[in-house]
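K.L.:
Following this line is coords_15.txt, made up of compact mmCIF, C-alpha atoms:
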```txt
# COMPACT_ATOMS: atom_id res chain seq x y z
CA MET A 10 138.48 31.47 84.56
CA THR A 11 139.07 34.38 86.90
CA LEU A 12 140.66 34.06 90.33
CA ALA A 13 137.47 35.47 91.82
CA ARG A 14 135.53 32.62 90.23
CA ALA A 15 138.14 30.13 91.42
CA THR A 16 137.50 31.18 95.03
CA SER A 17 133.78 30.45 94.64
CA VAL A 18 133.94 27.11 92.80
CA ARG A 19 133.42 25.10 95.95
CA ALA A 20 130.60 27.33 97.18
CA ARG A 21 128.60 27.01 93.94
CA GLY A 22 129.39 23.38 93.28
CA ASP A 23 130.98 24.09 89.90
CA GLN A 24 133.26 21.51 88.37
CA PRO A 25 136.43 22.19 86.35
CA ARG A 26 136.24 21.55 82.64
CA SER A 27 137.00 18.02 81.49
CA GLY A 28 136.83 15.89 78.38
CA PRO A 29 138.11 16.85 74.93
CA ALA A 30 139.27 20.29 76.13
CA PHE A 31 142.09 18.50 77.94
CA ALA A 32 143.04 15.97 75.29
CA GLU A 33 146.44 17.69 75.13
CA PRO A 34 148.55 18.64 78.18
CA HIS A 35 147.63 22.02 79.58
CA PRO A 36 150.42 24.63 79.21
CA PHE A 37 150.56 25.04 83.00
CA ALA A 38 150.88 21.29 83.61
CA GLY A 39 154.62 21.38 82.98
CA PHE A 40 155.19 23.61 86.00
CA LEU A 41 153.19 21.25 88.21
CA ARG A 42 155.11 18.28 86.86
CA THR A 43 158.43 20.00 87.57
CA ILE A 44 157.72 20.73 91.24
CA GLY A 45 155.44 17.78 92.00
CA ARG A 46 157.31 14.66 90.83
CA GLY A 47 158.64 13.83 94.27
CA ALA A 48 161.86 14.15 96.20
CA THR A 49 164.09 12.54 93.58
CA LEU A 50 162.57 13.61 90.26
CA GLY A 51 161.00 16.96 91.17
CA ARG A 52 162.91 20.21 91.46
CA PRO A 53 162.20 23.89 92.19
CA LEU A 54 161.45 26.21 89.32
CA ASP A 55 164.25 28.44 88.17
CA GLU A 56 163.62 32.20 88.21
CA ALA A 57 162.47 32.41 84.59
CA GLU A 58 160.10 29.45 84.99
CA ALA A 59 158.68 30.94 88.18
CA GLU A 60 158.04 34.24 86.41
CA GLN A 61 156.26 32.45 83.57
CA ALA A 62 154.15 30.40 86.00
CA MET A 63 153.05 33.42 88.04
CA ALA A 64 152.33 35.39 84.88
CA MET A 65 149.88 32.64 83.88
CA ILE A 66 148.32 32.58 87.36
CA LEU A 67 147.70 36.33 87.24
CA LEU A 68 146.37 36.24 83.66
CA ASP A 69 142.61 35.78 83.53
CA GLY A 70 141.62 32.39 82.14
CA ALA A 71 145.13 31.01 81.72
CA ILE A 72 144.88 28.19 84.29
CA GLU A 73 142.26 26.04 85.98
CA PRO A 74 141.30 26.27 89.69
CA VAL A 75 142.56 22.74 90.36
CA GLN A 76 145.96 23.72 88.94
CA LEU A 77 146.11 26.85 91.07
CA GLY A 78 145.31 24.94 94.26
CA ALA A 79 147.82 22.22 93.48
CA PHE A 80 150.56 24.73 92.68
CA LEU A 81 150.07 26.84 95.79
CA LEU A 82 149.89 23.87 98.14
CA LEU A 83 152.93 22.15 96.66
CA LEU A 84 154.96 25.31 97.21
CA ARG A 85 153.52 25.83 100.69
CA TYR A 86 154.48 22.27 101.63
CA ARG A 87 158.15 22.67 100.80
CA THR A 88 158.52 26.51 100.89
CA GLU A 89 159.39 28.53 97.81
CA THR A 90 163.03 29.17 96.97
CA PRO A 91 164.57 32.65 96.56
CA ALA A 92 164.70 32.09 92.78
CA GLU A 93 161.01 31.15 92.67
CA LEU A 94 159.98 34.07 94.86
CA ALA A 95 162.03 36.52 92.77
CA GLY A 96 160.38 35.20 89.60
CA PHE A 97 156.92 35.56 91.13
CA VAL A 98 157.69 39.14 92.13
CA ARG A 99 158.88 40.06 88.63
CA ALA A 100 155.65 38.69 87.14
CA ALA A 101 153.51 40.65 89.60
CA ARG A 102 155.46 43.87 89.06
CA ALA A 103 154.89 43.55 85.32
CA ARG A 104 151.15 43.87 85.95
CA ILE A 105 151.40 47.03 88.05
CA ALA A 106 150.85 50.31 86.24
CA ALA A 107 153.20 52.37 88.40
CA PRO A 108 154.58 55.75 87.35
CA ALA A 109 158.31 55.95 86.78
CA GLY A 110 160.70 57.97 88.89
CA VAL A 111 158.50 58.23 92.00
CA ALA A 112 160.19 60.05 94.89
CA VAL A 113 159.92 57.36 97.59
CA ASP A 114 162.50 56.43 100.22
CA LEU A 115 161.06 53.54 102.19
CA ASP A 116 158.79 50.63 101.21
CA TRP A 117 156.84 49.15 104.14
CA PRO A 118 154.65 46.11 103.30
CA SER A 119 151.76 45.26 105.66
CA TYR A 120 150.35 41.79 104.99
CA ALA A 121 149.54 40.27 108.38
CA ASP A 122 146.05 38.83 107.99
CA ARG A 123 145.46 38.47 111.73
CA HIS A 124 146.63 41.09 114.19
CA ARG A 125 147.64 40.24 117.75
CA GLN A 126 148.86 43.75 118.53
CA LEU A 127 147.87 47.20 117.42
CA PRO A 128 149.85 48.35 114.35
CA TYR A 129 152.17 50.70 116.25
CA PHE A 130 154.53 50.59 113.28
CA LEU A 131 152.17 53.02 111.53
CA LEU A 132 153.09 55.68 114.08
CA ALA A 133 156.76 54.93 113.34
CA ALA A 134 156.09 55.35 109.61
CA LEU A 135 154.25 58.64 110.18
CA LEU A 136 157.02 59.82 112.51
CA LEU A 137 159.58 59.18 109.77
CA ALA A 138 157.40 60.89 107.17
CA GLY A 139 157.19 63.92 109.42
CA SER A 140 160.99 64.00 109.63
CA GLY A 141 161.49 64.15 105.86
CA ALA A 142 161.37 60.52 104.69
CA ARG A 143 158.86 59.49 102.02
CA VAL A 144 157.20 56.28 103.20
CA LEU A 145 154.89 53.97 101.24
CA VAL A 146 152.85 51.36 103.13
CA HIS A 147 150.96 48.82 101.04
CA GLY A 148 148.89 45.81 102.04
CA ILE A 149 145.55 44.07 102.41
CA ALA A 150 142.70 44.70 104.82
CA GLY A 151 143.09 41.58 106.98
CA GLU A 152 140.64 40.62 109.72
CA GLY A 153 139.43 42.34 112.85
CA ALA A 154 139.39 45.96 114.02
CA ALA A 155 143.16 46.39 114.46
CA THR A 156 144.03 46.31 110.77
CA THR A 157 146.25 48.77 108.96
CA PRO A 158 143.38 50.40 106.97
CA ALA A 159 141.20 50.67 110.10
CA ALA A 160 144.03 52.24 112.10
CA LEU A 161 144.86 54.73 109.34
CA SER A 162 141.19 55.65 109.08
CA VAL A 163 141.16 56.48 112.80
CA LEU A 164 144.31 58.57 112.26
CA GLY A 165 142.60 60.43 109.43
CA VAL A 166 144.86 59.05 106.69
CA PRO A 167 142.90 57.89 103.60
CA ALA A 168 143.90 55.01 101.35
CA CYS A 169 145.07 55.76 97.82
CA GLY A 170 143.09 54.50 94.86
CA SER A 171 146.02 54.06 92.50
CA ALA A 172 149.80 54.11 92.27
CA ILE A 173 149.60 57.55 90.66
CA GLU A 174 147.61 58.88 93.60
CA ALA A 175 150.13 57.32 96.00
CA ALA A 176 153.00 59.03 94.18
CA ASP A 177 151.20 62.36 94.48
CA ARG A 178 150.47 61.78 98.19
CA LEU A 179 154.12 60.98 98.84
CA GLY A 180 155.19 64.21 97.19
CA ASN A 181 152.75 66.32 99.19
CA PHE A 182 152.65 64.59 102.57
CA GLY A 183 155.58 62.14 102.72
CA PHE A 184 153.29 59.18 103.48
CA ALA A 185 150.88 57.07 101.47
CA TYR A 186 148.91 53.87 102.00
CA LEU A 187 148.28 51.86 98.84
CA PRO A 188 145.92 48.84 99.03
CA LEU A 189 147.08 45.85 97.01
CA ARG A 190 143.70 45.69 95.27
CA ALA A 191 144.38 49.13 93.76
CA ILE A 192 147.52 47.98 91.95
CA CYS A 193 147.21 44.19 91.48
CA PRO A 194 143.75 42.79 92.29
CA GLU A 195 144.74 39.46 90.72
CA LEU A 196 147.42 39.03 93.39
CA GLU A 197 145.07 40.08 96.18
CA ALA A 198 142.66 37.37 95.03
CA LEU A 199 145.25 34.75 96.00
CA PHE A 200 144.99 35.87 99.63
CA HIS A 201 141.28 35.11 99.58
CA LEU A 202 141.94 31.44 98.81
CA ARG A 203 143.05 30.74 102.38
CA PRO A 204 139.57 29.62 103.57
CA LEU A 205 139.53 27.08 100.73
CA LEU A 206 143.14 25.90 101.05
CA GLY A 207 143.33 26.06 104.83
CA LEU A 208 146.83 27.56 104.66
CA ARG A 209 148.62 30.70 103.67
CA SER A 210 150.05 30.66 100.18
CA PRO A 211 153.23 32.04 98.57
CA ALA A 212 151.23 35.21 97.94
CA ASN A 213 152.05 36.27 101.49
CA SER A 214 155.79 36.17 100.77
CA LEU A 215 155.44 37.55 97.25
CA ALA A 216 153.54 40.66 98.34
CA ARG A 217 156.14 41.50 100.98
CA GLU A 218 158.78 41.74 98.26
CA LEU A 219 156.60 43.65 95.78
CA ASN A 220 157.98 47.18 96.42
CA PRO A 221 155.56 48.56 93.81
CA LEU A 222 157.06 52.07 93.55
CA GLY A 223 160.70 50.99 93.59
CA ALA A 224 161.87 52.42 96.92
CA PRO A 225 165.62 52.01 97.54
CA HIS A 226 164.97 50.97 101.15
CA GLN A 227 162.59 48.27 102.34
CA ILE A 228 161.56 47.12 105.83
CA GLN A 229 159.92 43.72 106.21
CA GLY A 230 158.38 41.86 109.11
CA VAL A 231 157.80 38.11 108.94
CA PHE A 232 155.90 35.80 111.26
CA HIS A 233 158.23 32.78 111.14
CA PRO A 234 162.00 33.32 111.71
CA THR A 235 162.77 30.53 109.23
CA TYR A 236 161.62 32.90 106.44
CA LEU A 237 164.28 35.51 107.22
CA PRO A 238 167.00 34.06 104.91
CA LEU A 239 164.43 33.54 102.13
CA HIS A 240 163.55 37.21 102.06
CA GLN A 241 167.14 38.36 102.44
CA GLN A 242 168.27 36.24 99.47
CA THR A 243 165.24 37.25 97.41
CA ALA A 244 165.98 40.93 98.02
CA GLN A 245 169.50 40.33 96.72
CA ARG A 246 168.18 38.60 93.60
CA LEU A 247 165.78 41.46 92.93
CA GLY A 248 168.55 44.03 93.24
CA GLN A 249 167.06 45.68 96.32
CA ALA A 250 169.71 48.16 97.42
CA HIS A 251 168.86 48.28 101.12
CA ALA A 252 166.57 46.03 103.15
CA VAL A 253 166.00 44.87 106.71
CA ILE A 254 163.98 41.79 107.60
CA PHE A 255 163.00 40.64 111.09
CA LYS A 256 160.41 38.68 113.02
CA GLY A 257 157.82 41.33 113.78
CA GLY A 258 154.68 41.55 115.86
CA GLY A 259 152.02 39.49 114.07
CA GLY A 260 154.26 39.29 111.02
CA GLU A 261 154.26 43.05 110.52
CA GLY A 262 157.33 45.27 110.26
CA GLN A 263 156.98 46.08 113.94
CA ARG A 264 159.68 45.50 116.53
CA ASN A 265 158.84 43.63 119.73
CA PRO A 266 160.73 45.88 122.15
CA ASP A 267 160.71 43.49 125.08
CA LYS A 268 162.87 40.92 123.27
CA PRO A 269 166.17 41.08 121.38
CA CYS A 270 165.50 41.56 117.67
CA ARG A 271 167.57 39.71 115.09
CA THR A 272 167.58 41.49 111.76
CA LEU A 273 168.94 40.28 108.44
CA THR A 274 169.99 43.09 106.15
CA VAL A 275 171.02 43.94 102.62
CA ASP A 276 173.21 47.02 102.15
CA ASP A 277 174.32 47.83 98.61
CA GLY A 278 173.62 44.20 97.78
CA VAL A 279 175.75 42.82 100.62
CA PRO A 280 174.00 40.60 103.20
CA GLY A 281 174.44 41.21 106.92
CA GLU A 282 172.97 40.58 110.35
CA THR A 283 172.40 42.77 113.40
CA ILE A 284 171.02 41.96 116.86
CA TRP A 285 169.09 44.80 118.47
CA PRO A 286 168.82 44.51 122.29
CA ALA A 287 165.51 44.61 124.12
CA LEU A 288 164.34 48.03 125.23
CA ALA A 289 164.11 48.12 129.03
CA GLU A 290 161.22 50.56 129.14
CA SER A 291 158.94 48.08 127.38
CA ASP A 292 158.73 46.01 130.57
CA GLN A 293 157.00 48.80 132.44
CA HIS A 294 153.57 48.26 130.90
CA PRO A 295 151.44 45.13 130.10
CA TRP A 296 151.11 46.35 126.54
CA ARG A 297 150.57 42.99 124.89
CA LYS A 298 147.24 42.61 126.72
CA GLU A 299 145.83 45.97 125.68
CA PRO A 300 142.48 45.95 123.82
CA LEU A 301 142.89 46.00 120.06
CA GLU A 302 141.22 49.39 119.67
CA PRO A 303 142.78 51.50 116.89
CA GLU A 304 141.62 54.68 118.67
CA ARG A 305 144.47 54.03 121.10
CA LEU A 306 146.96 54.87 118.33
CA ALA A 307 145.56 58.37 118.02
CA ALA A 308 145.54 58.74 121.81
CA LEU A 309 149.17 57.59 121.99
CA TRP A 310 150.25 60.06 119.30
CA ARG A 311 148.42 62.94 120.98
CA GLY A 312 149.90 62.13 124.39
CA GLU A 313 146.51 61.30 125.87
CA TRP A 314 147.59 57.73 126.62
CA ASP A 315 150.92 57.17 128.36
CA ALA A 316 151.96 53.59 127.68
CA PRO A 317 155.69 52.72 127.93
CA GLY A 318 155.36 49.42 126.06
CA PRO A 319 153.60 50.80 122.96
CA ILE A 320 155.88 53.85 122.94
CA ALA A 321 158.88 51.51 123.02
CA ALA A 322 157.40 49.62 120.05
CA VAL A 323 157.14 52.86 118.09
CA VAL A 324 160.59 54.08 119.10
CA GLY A 325 162.25 50.71 118.53
CA THR A 326 160.70 50.29 115.10
CA THR A 327 161.61 53.86 114.15
CA ALA A 328 165.22 53.20 115.18
CA ILE A 329 165.50 50.19 112.86
CA ALA A 330 164.15 52.28 109.99
CA LEU A 331 166.52 55.17 110.74
CA LYS A 332 169.53 52.88 110.58
CA LEU A 333 168.22 51.32 107.37
CA LEU A 334 167.83 54.77 105.83
CA GLY A 335 171.42 55.66 106.77
CA ARG A 336 170.35 58.37 109.19
CA ALA A 337 172.15 56.68 112.10
CA VAL A 338 175.43 54.74 112.09
CA SER A 339 174.84 52.65 115.21
CA ILE A 340 172.06 51.07 117.25
CA GLU A 341 172.62 53.52 120.10
CA LYS A 342 172.45 56.59 117.85
CA ALA A 343 169.43 55.23 116.00
CA GLU A 344 167.51 54.68 119.23
CA ALA A 345 168.52 58.08 120.58
CA GLU A 346 167.35 59.80 117.39
CA ALA A 347 164.09 57.83 117.45
CA ARG A 348 163.42 58.94 121.01
CA ARG A 349 164.11 62.54 120.02
CA LEU A 350 161.73 62.37 117.08
CA TRP A 351 159.01 60.91 119.29
CA ALA A 352 159.52 63.51 122.01
CA GLU A 353 159.40 66.37 119.49
CA ARG A 354 156.56 65.06 117.32
CA PRO A 355 153.72 67.50 116.55
CA SER A 356 151.15 65.77 118.73
CA ASP A 357 148.19 67.62 117.18
CA THR A 358 148.87 66.24 113.68
CA TYR A 359 146.80 63.07 113.99
CA PRO A 360 143.95 62.47 113.58
CA ALA A 361 144.57 64.49 110.43
```
Transcribe the structure of this file into structure tokens.

P.N.:
Amino acid sequence: MTLARATSVRARGDQPRSGPAFAEPHPFAGFLRTIGRGATLGRPLDEAEAEQAMAMILLDGAIEPVQLGAFLLLLRYRTETPAELAGFVRAARARIAAPAGVAVDLDWPSYADRHRQLPYFLLAALLLAGSGARVLVHGIAGEGAATTPAALSVLGVPACGSAIEAADRLGNFGFAYLPLRAICPELEALFHLRPLLGLRSPANSLARELNPLGAPHQIQGVFHPTYLPLHQQTAQRLGQAHAVIFKGGGGEGQRNPDKPCRTLTVDDGVPGETIWPALAESDQHPWRKEPLEPERLAALWRGEWDAPGPIAAVVGTTAIALKLLGRAVSIEKAEAEARRLWAERPSDTYPA
């Protein structure tokens, strides 16, 4: 049974198979038994078990819809462990047909399904690409007008149809947007279960760690601060050389410049923590109440809209990425370099 069919079972009134077909325990039942036996008898999956479980979930026909719902909700109730998340990521990566040896510097996942701010981080990513970094953004469409694909469309940046196309785009332009459906539609299908389950699933955390083209640097935004250590420890387990994780606007990798920003990091496998101070200039504009119109991103880039708050969001996010990439040794130098890049940007570049 496909994941697409699983999402429509309720709508069509279908029932899961029963009777003699289930005279013997289902192969997936052992994973449910392991995590669902309660506080004293149950336990998290180890990394190998988690990889096996996710491999079955992503394999067409390997599990039943009732099993998928039970598994996702059990994990959502207690939160997945770093070992489980790392195992899930390894299973998903195994299904991605990505070319080897892609020249990519920075992986930037975008998986916020509801946007409360415009995705100013895209201007930071494009600013970095224009300065020589090769930046891959990947994600899902989400809801509303202020989504990553909608904003990139306004900026004249098309989505890639495959990992091979993304690799080519990185080589030629330094920036590429790769929709999750183009590389792992089975994983994207898990996102579409939210209306049925009523909650986000571990797919949200899994996709943030995916790094499909193997970039040595990764920037992650999360919605809930309690998830920061989970992603830091998962990055270590996956051997991610350099990573920065912080609570970002709407759960995106976007710095809120009007508040201090706590970041958890991984540098050559070593965990760390940095507190970035608020940027004073962000208080000069009521930027959080601006209409969610992606055309404003193009106007901001071209200098046709002067908005201190949004500019501070771009500059502040760029600074975090510069320090992650090793192009600045301190917060002060990173922010100074980010301001310089913004001031000297080729304002006629976008819309492309």

K.L.:
Between CA of Arg336 (chain A) and CA of Arg102 (chain A), what is the spacing in Å?

P.N.:
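Going from CA of Arg102 (chain A) over to CA of Arg336 (chain A), I get 28.9 Å.
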
K.L.:
Would you please work out which residue, of A:Leu202, A:Ala133, A:Leu189, A:Ala100, is nearest to Ala59 (chain A) when using only C-alpha atoms?

P.N.:
A:Ala100

K.L.:
Scan for residues within 12 Å of the point (158.5, 35.7, 87.2) in the coordinates of the file, using all atoms listed in the file, and reply as a PyMOL selection string.

P.N.:
chain A and resi 54-67+91-104+215+219+246-247

K.L.:
Could you tell me how far CA of Asp277 (chain A) lies from CA of Thr90 (chain A), in Å and to one decimal?

P.N.:
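The value is 21.9 Å.
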
K.L.:
Please produce, as a tab-separated table, a per-residue contact table for region 153-218 of chain A versus region 260-265 of chain A (criterion: any atom at most 12 Å away, all atoms listed in the file considered), showing the nearest atom pair and its distance in Å to one decimal, sorted by chain then residue number.

P.N.:
```
residue	atom	partner	partner_atom	distance
A:Thr156	CA	A:Glu261	CA	10.7
A:Thr157	CA	A:Glu261	CA	10.0
A:Asn213	CA	A:Gly260	CA	10.2
A:Ser214	CA	A:Gly260	CA	10.8
A:Arg217	CA	A:Glu261	CA	9.8
```

K.L.:
Would you export the selected residues with C-alpha atoms as an mmCIF file, in the coordinates of the input, please?

P.N.:
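selection_20.cif written:
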```cif
data_model
loop_
_atom_site.group_PDB
_atom_site.id
_atom_site.type_symbol
_atom_site.label_atom_id
_atom_site.label_comp_id
_atom_site.auth_asym_id
_atom_site.auth_seq_id
_atom_site.Cartn_x
_atom_site.Cartn_y
_atom_site.Cartn_z
ATOM 1 C CA THR A 156 144.030 46.310 110.770
ATOM 2 C CA THR A 157 146.250 48.770 108.960
ATOM 3 C CA ASN A 213 152.050 36.270 101.490
ATOM 4 C CA SER A 214 155.790 36.170 100.770
ATOM 5 C CA ARG A 217 156.140 41.500 100.980
#
```

K.L.:
Can you check which parts of region 188-301 of chain A lie within 12 Å of region 328-332 of chain A? Per residue, the shortest pair of atoms and distance in Å to one decimal, counting all atoms listed in the file, sorted by chain and number, as JSON lines.

P.N.:
```
{"residue": "A:His226", "atom": "CA", "partner": "A:Ala330", "partner_atom": "CA", "distance": 9.0}
{"residue": "A:Gln227", "atom": "CA", "partner": "A:Ala330", "partner_atom": "CA", "distance": 8.8}
{"residue": "A:Ile228", "atom": "CA", "partner": "A:Ala330", "partner_atom": "CA", "distance": 7.1}
{"residue": "A:Gln229", "atom": "CA", "partner": "A:Ala330", "partner_atom": "CA", "distance": 10.3}
{"residue": "A:Gly230", "atom": "CA", "partner": "A:Ile329", "partner_atom": "CA", "distance": 11.6}
{"residue": "A:His251", "atom": "CA", "partner": "A:Lys332", "partner_atom": "CA", "distance": 10.5}
{"residue": "A:Ala252", "atom": "CA", "partner": "A:Ala330", "partner_atom": "CA", "distance": 9.6}
{"residue": "A:Val253", "atom": "CA", "partner": "A:Ile329", "partner_atom": "CA", "distance": 8.1}
{"residue": "A:Ile254", "atom": "CA", "partner": "A:Ile329", "partner_atom": "CA", "distance": 10.0}
{"residue": "A:Phe255", "atom": "CA", "partner": "A:Ile329", "partner_atom": "CA", "distance": 10.0}
{"residue": "A:Gly257", "atom": "CA", "partner": "A:Ile329", "partner_atom": "CA", "distance": 11.8}
{"residue": "A:Gly262", "atom": "CA", "partner": "A:Ala330", "partner_atom": "CA", "distance": 9.8}
{"residue": "A:Gln263", "atom": "CA", "partner": "A:Ile329", "partner_atom": "CA", "distance": 9.5}
{"residue": "A:Arg264", "atom": "CA", "partner": "A:Ile329", "partner_atom": "CA", "distance": 8.3}
{"residue": "A:Asn265", "atom": "CA", "partner": "A:Ile329", "partner_atom": "CA", "distance": 11.6}
{"residue": "A:Pro266", "atom": "CA", "partner": "A:Ala328", "partner_atom": "CA", "distance": 11.1}
{"residue": "A:Cys270", "atom": "CA", "partner": "A:Ile329", "partner_atom": "CA", "distance": 9.9}
{"residue": "A:Arg271", "atom": "CA", "partner": "A:Ile329", "partner_atom": "CA", "distance": 10.9}
{"residue": "A:Thr272", "atom": "CA", "partner": "A:Ile329", "partner_atom": "CA", "distance": 9.0}
{"residue": "A:Leu273", "atom": "CA", "partner": "A:Ile329", "partner_atom": "CA", "distance": 11.4}
{"residue": "A:Thr274", "atom": "CA", "partner": "A:Ile329", "partner_atom": "CA", "distance": 10.8}
{"residue": "A:Asp276", "atom": "CA", "partner": "A:Lys332", "partner_atom": "CA", "distance": 10.9}
{"residue": "A:Thr283", "atom": "CA", "partner": "A:Ile329", "partner_atom": "CA", "distance": 10.1}
{"residue": "A:Ile284", "atom": "CA", "partner": "A:Ile329", "partner_atom": "CA", "distance": 10.7}
{"residue": "A:Trp285", "atom": "CA", "partner": "A:Ile329", "partner_atom": "CA", "distance": 8.6}
{"residue": "A:Pro286", "atom": "CA", "partner": "A:Ile329", "partner_atom": "CA", "distance": 11.5}
{"residue": "A:Leu288", "atom": "CA", "partner": "A:Ala328", "partner_atom": "CA", "distance": 11.3}
```

K.L.:
Got a sec to check which residues sit within 10 Å of (142.6, 54.8, 95.5), counting only C-alpha atoms, and write them as a ChimeraX atom specification?

P.N.:
/A:167-175,186-188,190-192

K.L.:
Could you please determine the separation between CA of Gln245 (chain A) and CA of Tyr129 (chain A) in Å, to one decimal place?

P.N.:
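Going from CA of Gln245 (chain A) over to CA of Tyr129 (chain A) covers 28.1 Å.
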
K.L.:
Find the residues around Leu136 (chain A) up to 8 Å (only C-alpha atoms counted), leave out those fewer than 2 positions away in its own chain, and share them as JSON, numbers by chain.

P.N.:
{"A": [132, 133, 134, 138, 139, 140, 327, 350, 351, 354]}

K.L.:
Considering all atoms listed in the file, state which residue in the set A:Ala347, A:Val275, A:Ala198, A:Val75 is at the smallest distance from Gln241 (chain A).

P.N.:
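Smallest distance to Gln241 (chain A) is found for A:Val275.
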